[in-house]
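**Student:** One structure follows; several queries about it will come next.
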Amino acid sequence: MMISRQLLLTYLYLLIYICLSSGVILFNKWVLSPKYFKFPFPITLTMIHMAFSGVVTFFLVRVFKVVAPVKMTFQIYATCVIPISAFFASSLWFGNTAYLYISVAFIQMLKALMPVATFIMAVLCGTDKLRRDLFLNMLLVSVGVVVSSYGEIHFNVIGTLYQVTGIVAEALRLVLTQVLLQKKGLTLNPITSLYYIAPCSFIFLFVPWYLLEKPEMDVSPIQFNYWIFFSNALSAFALNISIFLVIGRTGAVTIRVAGVLKDWILIALSTIIFPESTITSLNIIGYAVALSGVVMYNYLKMKDVRASQLPADSTPDRATKDKKTLNVYKPDGSMDSNDDTVVGLASEAAVVDEEAPLIPSSRLSYVTRTQTGGGLNSR
């Protein structure tokens with residue numbers, strides 16, 4: 001009976017994650033779209049999310065002491081948190097701006113490029129090696145995205161450039177997370193990540209907001225519904241908590257599988273909720289090709305992680321470590337920590353978007369965290 005209850009609770013967490021992850025993306029699209037809520041200010045929306053997350057995590061860490069803060073020095077904050085926050089803020093800014101120009105379905109398809117971008121950045125930064133099998137997988141993903149883009153009816157160059165730029169910024173953030181934080185031995189879960197990163201990202205976003213959006217907001221009649229923005233920010237924050245619970249109970253592999261299911265559900269739902277989001281057979285074929293490349297890439301990286309552990313471990317110890325491997329993440333995709341918390345500053349959600357600000361949003365976010373793991377062990 002106890003096993004059944006635990007299994008039921010696990011499926012419940014997975015269902016909550018899928019619903020929240022899909023819901024936040026659709027919610028953001030609805031708020032930002034000039035056809036629906038008509039609030040075309042993505043930087044403002046992102047700043048609201050960051051402010052909300054910063055306030056809530058402050059109370060969770062400092063007041064209610066749900067989690068303990070890490071030993072953060074000024075040097076670590078200045079050399080690690082600030083540059084990571086800059087790229088994080090940029091990825092959110094560009095990723096959310098893409099909602100103004102292209103459909104949710106096409107955005108999800110473009111996100112298949114996330115492993116490609118992170119792999120390239122990791123190789124350039126020396127945190128991963130250029131291998132033939134991985135390169136062929138990246139080539140397969142790229143071909144799939146090109147086919148999907150060719151089949152896009154409402155293809156928009158500006159929106160595509162915004163999304164791709166956001167992906168590149170997120171890839172740089174993931175690699176920086178590995179290079180800067182892992183070497184210092186700093187591990188952060190989703191709550192402490194937001195506690196340190198959200199305020200800094202808010203400050204970075206203030207400059208482009210003041211220059212680009214504030215002048216337009218001053219002269220344009222805008223509707224600012226506090227309940228809408230509160231529920232939107234709450235949903236984005238709740239998504240981070242759901243990811244924390246799911247990975248802690250099931251593991252990274254399980255949430256990747258759930259992420260794949262979520263992506264297909266999201267693409268289907270977006271075409272229903274937003275009629276202009278028409279998808280074609282070429283879209284589906286291209287995305288399926290890209291997805292197969294991502295799945296194969298993920299398999300190869302997981303295989304590398306386990307292979308690197310086998311020689312040094314005895315059979316009983318290896319079984320124990322393999323179990324932990326499925327439950328814990330490091331910022332570079334490593335999975336060999338000794339506790340059951342999500343670690344690192346890397347989220348579907350994911351974030352190249354706001355679906356999961358620090359643990360990116362979708363399946364692709366989790367997959368890319370394993371890419372920079374190279375010889376070590378990805379959010």
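Here, A, B, ... name the chains of the structure tokens in the order displayed, residue numbers run from 1 inside each chain, and ligands are numbered from 1 in the same displayed order.
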Show me, as a tab-separated table, the residues of stretch 167-193 of chain A having an atom within 12 Å of stretch 48-58 of chain A, each with the closest atom pair and its distance in Å, using only C-alpha atoms.

**Tutor:**
```
residue	atom	partner	partner_atom	distance
A:Asn189	CA	A:Thr57	CA	11.5
A:Pro190	CA	A:Thr57	CA	9.6
A:Ile191	CA	A:Thr57	CA	6.1
A:Thr192	CA	A:Thr57	CA	7.2
A:Ser193	CA	A:Thr57	CA	9.0
```

**Student:** Can you pull out every residue within 8 Å of A:Ser201, counting only C-alpha atoms, but drop anything in the same chain fewer than 3 positions away, and send it as a list of chain:residue names?

**Tutor:** A:Met50, A:Ser85, A:Ala86, A:Phe88, A:Ala89, A:Ile197, A:Ala198, A:Phe204, A:Leu205

**Student:** Quick one: residues within 8 Å of A:Glu152, only C-alpha atoms counted, chain neighbours fewer than 4 positions away excluded, as a PyMOL selection string?

**Tutor:** chain A and resi 106+148+279-280+282-283

**Student:** For the helix (DSSP H, G or I) assignment from backbone DSSP, which residues of stretch 64-175 of chain A qualify? Please present them as a VMD selection string.

**Tutor:** chain A and resid 74 to 100 104 to 124 132 to 150 157 to 175

**Student:** In Å, rounded to a single decimal, give me how far atom CA of A:Leu181 is from atom CA of A:Thr79.

**Tutor:**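 Interatomic distance, atom CA of A:Thr79 to atom CA of A:Leu181: 9.4 Å.
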
**Student:** To one decimal in Å, tell me the separation between atom CA of A:Val147 and atom CA of A:Ile285.

**Tutor:**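 Interatomic distance here is 7.7 Å.
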
**Student:** So, counting only C-alpha atoms, which residue among A:Lys29, A:Arg249, A:Lys183, A:Arg306 is closest to A:Leu7?

**Tutor:**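 Going through A:Lys29, A:Arg249, A:Lys183, A:Arg306 one by one, the smallest distance to A:Leu7 is for A:Arg249.
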
**Student:** Taking only C-alpha atoms into account, name the residue in A:Leu8, A:Ile247, A:Leu140, A:Ile167 that is nearest to A:Gln108.

**Tutor:**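 Nearest to A:Gln108: A:Ile167.
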
**Student:** Show which residues sit within 10 Å of A:Ser149, as number ranges by chain. Count only C-alpha atoms, and ignore same-chain residues fewer than 3 positions away.

**Tutor:** A: 106, 109-110, 143-146, 152-156, 160, 282-283, 286-287

**Student:** Put those residues in a file: all heavy atoms, as a short mmCIF file (atom, residue, chain, number, x, y, z; two decimals), in the first residue's frame.

**Tutor:**
```cif
data_model
loop_
_atom_site.label_atom_id
_atom_site.label_comp_id
_atom_site.auth_asym_id
_atom_site.auth_seq_id
_atom_site.Cartn_x
_atom_site.Cartn_y
_atom_site.Cartn_z
N PHE A 106 6.43 26.92 -32.75
CA PHE A 106 7.69 27.10 -33.45
C PHE A 106 8.83 27.40 -32.48
O PHE A 106 9.97 26.98 -32.69
CB PHE A 106 7.56 28.22 -34.49
CG PHE A 106 8.75 28.36 -35.39
CD1 PHE A 106 9.32 27.24 -35.99
CD2 PHE A 106 9.32 29.60 -35.64
CE1 PHE A 106 10.42 27.36 -36.83
CE2 PHE A 106 10.42 29.72 -36.48
CZ PHE A 106 10.97 28.60 -37.07
N MET A 109 10.08 24.22 -31.14
CA MET A 109 10.89 23.52 -32.14
C MET A 109 12.29 24.12 -32.23
O MET A 109 13.28 23.40 -32.35
CB MET A 109 10.19 23.58 -33.50
CG MET A 109 8.87 22.83 -33.53
SD MET A 109 7.97 23.05 -35.07
CE MET A 109 6.38 22.32 -34.64
N LEU A 110 12.37 25.45 -32.16
CA LEU A 110 13.68 26.10 -32.20
C LEU A 110 14.52 25.75 -30.96
O LEU A 110 15.75 25.72 -31.03
CB LEU A 110 13.52 27.62 -32.29
CG LEU A 110 13.06 28.18 -33.64
CD1 LEU A 110 12.82 29.69 -33.54
CD2 LEU A 110 14.06 27.88 -34.74
N VAL A 143 19.68 19.74 -38.68
CA VAL A 143 18.92 19.44 -39.90
C VAL A 143 17.43 19.41 -39.59
O VAL A 143 16.61 19.95 -40.35
CB VAL A 143 19.37 18.10 -40.51
CG1 VAL A 143 18.42 17.66 -41.62
CG2 VAL A 143 20.79 18.22 -41.06
N GLY A 144 17.07 18.79 -38.46
CA GLY A 144 15.67 18.74 -38.07
C GLY A 144 15.06 20.11 -37.86
O GLY A 144 13.94 20.39 -38.30
N VAL A 145 15.82 21.00 -37.21
CA VAL A 145 15.33 22.36 -36.97
C VAL A 145 15.21 23.14 -38.29
O VAL A 145 14.25 23.90 -38.48
CB VAL A 145 16.25 23.11 -35.99
CG1 VAL A 145 15.85 24.58 -35.87
CG2 VAL A 145 16.21 22.46 -34.62
N VAL A 146 16.14 22.93 -39.20
CA VAL A 146 16.07 23.60 -40.50
C VAL A 146 14.83 23.15 -41.27
O VAL A 146 14.10 23.97 -41.85
CB VAL A 146 17.34 23.32 -41.33
CG1 VAL A 146 17.15 23.78 -42.78
CG2 VAL A 146 18.54 24.01 -40.71
N GLU A 152 7.57 26.14 -41.56
CA GLU A 152 6.80 27.12 -40.78
C GLU A 152 6.07 28.09 -41.71
O GLU A 152 6.69 28.78 -42.53
CB GLU A 152 7.74 27.90 -39.85
CG GLU A 152 7.09 29.00 -39.06
CD GLU A 152 6.05 28.50 -38.06
OE1 GLU A 152 6.05 27.29 -37.74
OE2 GLU A 152 5.23 29.33 -37.61
N ILE A 153 4.76 28.13 -41.57
CA ILE A 153 3.94 28.99 -42.43
C ILE A 153 4.18 30.46 -42.13
O ILE A 153 4.36 31.29 -43.01
CB ILE A 153 2.44 28.65 -42.26
CG1 ILE A 153 2.17 27.23 -42.77
CG2 ILE A 153 1.58 29.65 -43.02
CD1 ILE A 153 0.74 26.79 -42.56
N HIS A 154 4.18 30.80 -40.82
CA HIS A 154 4.32 32.21 -40.40
C HIS A 154 5.76 32.47 -39.94
O HIS A 154 5.98 32.99 -38.84
CB HIS A 154 3.33 32.53 -39.29
CG HIS A 154 1.91 32.22 -39.64
ND1 HIS A 154 1.21 32.91 -40.61
CD2 HIS A 154 1.05 31.29 -39.16
CE1 HIS A 154 -0.02 32.44 -40.71
NE2 HIS A 154 -0.14 31.44 -39.85
N PHE A 155 6.72 32.12 -40.76
CA PHE A 155 8.12 32.31 -40.40
C PHE A 155 8.43 33.80 -40.29
O PHE A 155 8.09 34.59 -41.17
CB PHE A 155 9.03 31.67 -41.44
CG PHE A 155 10.50 31.76 -41.09
CD1 PHE A 155 11.08 30.87 -40.22
CD2 PHE A 155 11.29 32.77 -41.64
CE1 PHE A 155 12.43 30.96 -39.90
CE2 PHE A 155 12.63 32.86 -41.33
CZ PHE A 155 13.21 31.96 -40.46
N ASN A 156 9.07 34.19 -39.20
CA ASN A 156 9.42 35.58 -38.97
C ASN A 156 10.89 35.67 -38.61
O ASN A 156 11.33 35.06 -37.62
CB ASN A 156 8.55 36.16 -37.83
CG ASN A 156 8.80 37.64 -37.60
OD1 ASN A 156 9.82 38.03 -37.04
ND2 ASN A 156 7.86 38.47 -38.03
N THR A 160 12.69 34.75 -34.96
CA THR A 160 13.64 33.64 -34.96
C THR A 160 15.00 34.09 -34.44
O THR A 160 15.64 33.37 -33.66
CB THR A 160 13.79 33.07 -36.39
OG1 THR A 160 12.49 32.65 -36.86
CG2 THR A 160 14.73 31.89 -36.40
N LEU A 282 5.68 19.31 -42.32
CA LEU A 282 7.13 19.54 -42.29
C LEU A 282 7.59 19.97 -40.90
O LEU A 282 8.69 19.59 -40.46
CB LEU A 282 7.52 20.60 -43.32
CG LEU A 282 7.89 20.12 -44.72
CD1 LEU A 282 8.27 21.30 -45.60
CD2 LEU A 282 9.01 19.09 -44.68
N ASN A 283 6.77 20.77 -40.20
CA ASN A 283 7.08 21.14 -38.82
C ASN A 283 7.25 19.90 -37.96
O ASN A 283 8.23 19.75 -37.21
CB ASN A 283 5.96 21.99 -38.22
CG ASN A 283 5.97 23.43 -38.70
OD1 ASN A 283 4.93 24.04 -38.91
ND2 ASN A 283 7.16 23.98 -38.89
N GLY A 286 10.30 17.68 -39.07
CA GLY A 286 11.56 18.30 -38.68
C GLY A 286 11.79 18.23 -37.19
O GLY A 286 12.90 17.93 -36.74
N TYR A 287 10.74 18.48 -36.41
CA TYR A 287 10.89 18.44 -34.96
C TYR A 287 11.16 17.02 -34.48
O TYR A 287 11.95 16.81 -33.54
CB TYR A 287 9.64 19.00 -34.30
CG TYR A 287 9.76 19.11 -32.79
CD1 TYR A 287 10.76 19.87 -32.21
CD2 TYR A 287 8.87 18.44 -31.95
CE1 TYR A 287 10.88 19.97 -30.83
CE2 TYR A 287 8.98 18.54 -30.58
CZ TYR A 287 9.99 19.30 -30.02
OH TYR A 287 10.10 19.40 -28.66
#
```

**Student:** Out of A:Val168, A:Ile82, A:Met138, A:Val179, which residue has the shortest atom-to-atom distance to A:Cys125 when counting only C-alpha atoms?

**Tutor:**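 Of A:Val168, A:Ile82, A:Met138, A:Val179, the one nearest A:Cys125, counting only C-alpha atoms, is A:Val179.
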
**Student:** For the contact check between stretch 61-103 of chain A and stretch 43-46 of chain A, emit one row per residue of stretch 61-103 of chain A within 10 Å, containing the shortest atom pair and the distance in Å rounded to one decimal, counting only C-alpha atoms, chain then rising number order, as CSV.

**Tutor:**
```
residue,atom,partner,partner_atom,distance
A:Ala89,CA,A:Thr46,CA,8.4
A:Ser90,CA,A:Ile43,CA,9.7
A:Leu92,CA,A:Thr46,CA,6.9
A:Trp93,CA,A:Ile43,CA,5.7
A:Phe94,CA,A:Ile43,CA,8.7
A:Asn96,CA,A:Ile43,CA,7.8
A:Thr97,CA,A:Ile43,CA,7.7
```

**Student:** Could those residues be written to a file, using N, CA and C atoms, as an mmCIF file, in the first residue's frame?

**Tutor:**
```
data_model
loop_
_atom_site.group_PDB
_atom_site.id
_atom_site.type_symbol
_atom_site.label_atom_id
_atom_site.label_comp_id
_atom_site.auth_asym_id
_atom_site.auth_seq_id
_atom_site.Cartn_x
_atom_site.Cartn_y
_atom_site.Cartn_z
ATOM 1 N N ALA A 89 19.713 36.955 -17.582
ATOM 2 C CA ALA A 89 18.777 38.034 -17.900
ATOM 3 C C ALA A 89 18.644 38.216 -19.410
ATOM 4 N N SER A 90 19.752 38.093 -20.133
ATOM 5 C CA SER A 90 19.716 38.236 -21.588
ATOM 6 C C SER A 90 18.902 37.123 -22.234
ATOM 7 N N LEU A 92 16.462 35.414 -20.940
ATOM 8 C CA LEU A 92 15.045 35.638 -20.655
ATOM 9 C C LEU A 92 14.491 36.783 -21.500
ATOM 10 N N TRP A 93 15.263 37.837 -21.619
ATOM 11 C CA TRP A 93 14.843 39.003 -22.399
ATOM 12 C C TRP A 93 14.588 38.615 -23.854
ATOM 13 N N PHE A 94 15.570 38.015 -24.487
ATOM 14 C CA PHE A 94 15.415 37.654 -25.900
ATOM 15 C C PHE A 94 14.402 36.534 -26.106
ATOM 16 N N ASN A 96 11.744 35.778 -24.243
ATOM 17 C CA ASN A 96 10.370 36.269 -24.076
ATOM 18 C C ASN A 96 9.961 37.213 -25.199
ATOM 19 N N THR A 97 10.919 37.963 -25.735
ATOM 20 C CA THR A 97 10.603 38.862 -26.845
ATOM 21 C C THR A 97 10.158 38.079 -28.079
#
```

**Student:** Quick one: pull the distance between atom CA of A:Leu139 and atom CA of A:Val294, Å, one decimal.

**Tutor:**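 Atom CA of A:Leu139 sits 10.3 Å away from atom CA of A:Val294.
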
**Student:** Pick the closest to A:Val81 from A:Ala68, A:Ile16, A:Val31, A:Tyr196: which is it, counting only C-alpha atoms?

**Tutor:** A:Tyr196

**Student:** Between A:Ala258, A:Leu300, A:Leu113, A:Leu14, which one has atoms that come closest to A:Arg131, using only C-alpha atoms?

**Tutor:** A:Leu300

**Student:** Hey, which of A:Pro215, A:Gly293, A:Gly248, A:Gly95 ends up closest to A:Thr165? Count only C-alpha atoms.

**Tutor:**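 Nearest candidate to A:Thr165 out of A:Pro215, A:Gly293, A:Gly248, A:Gly95: A:Gly95.
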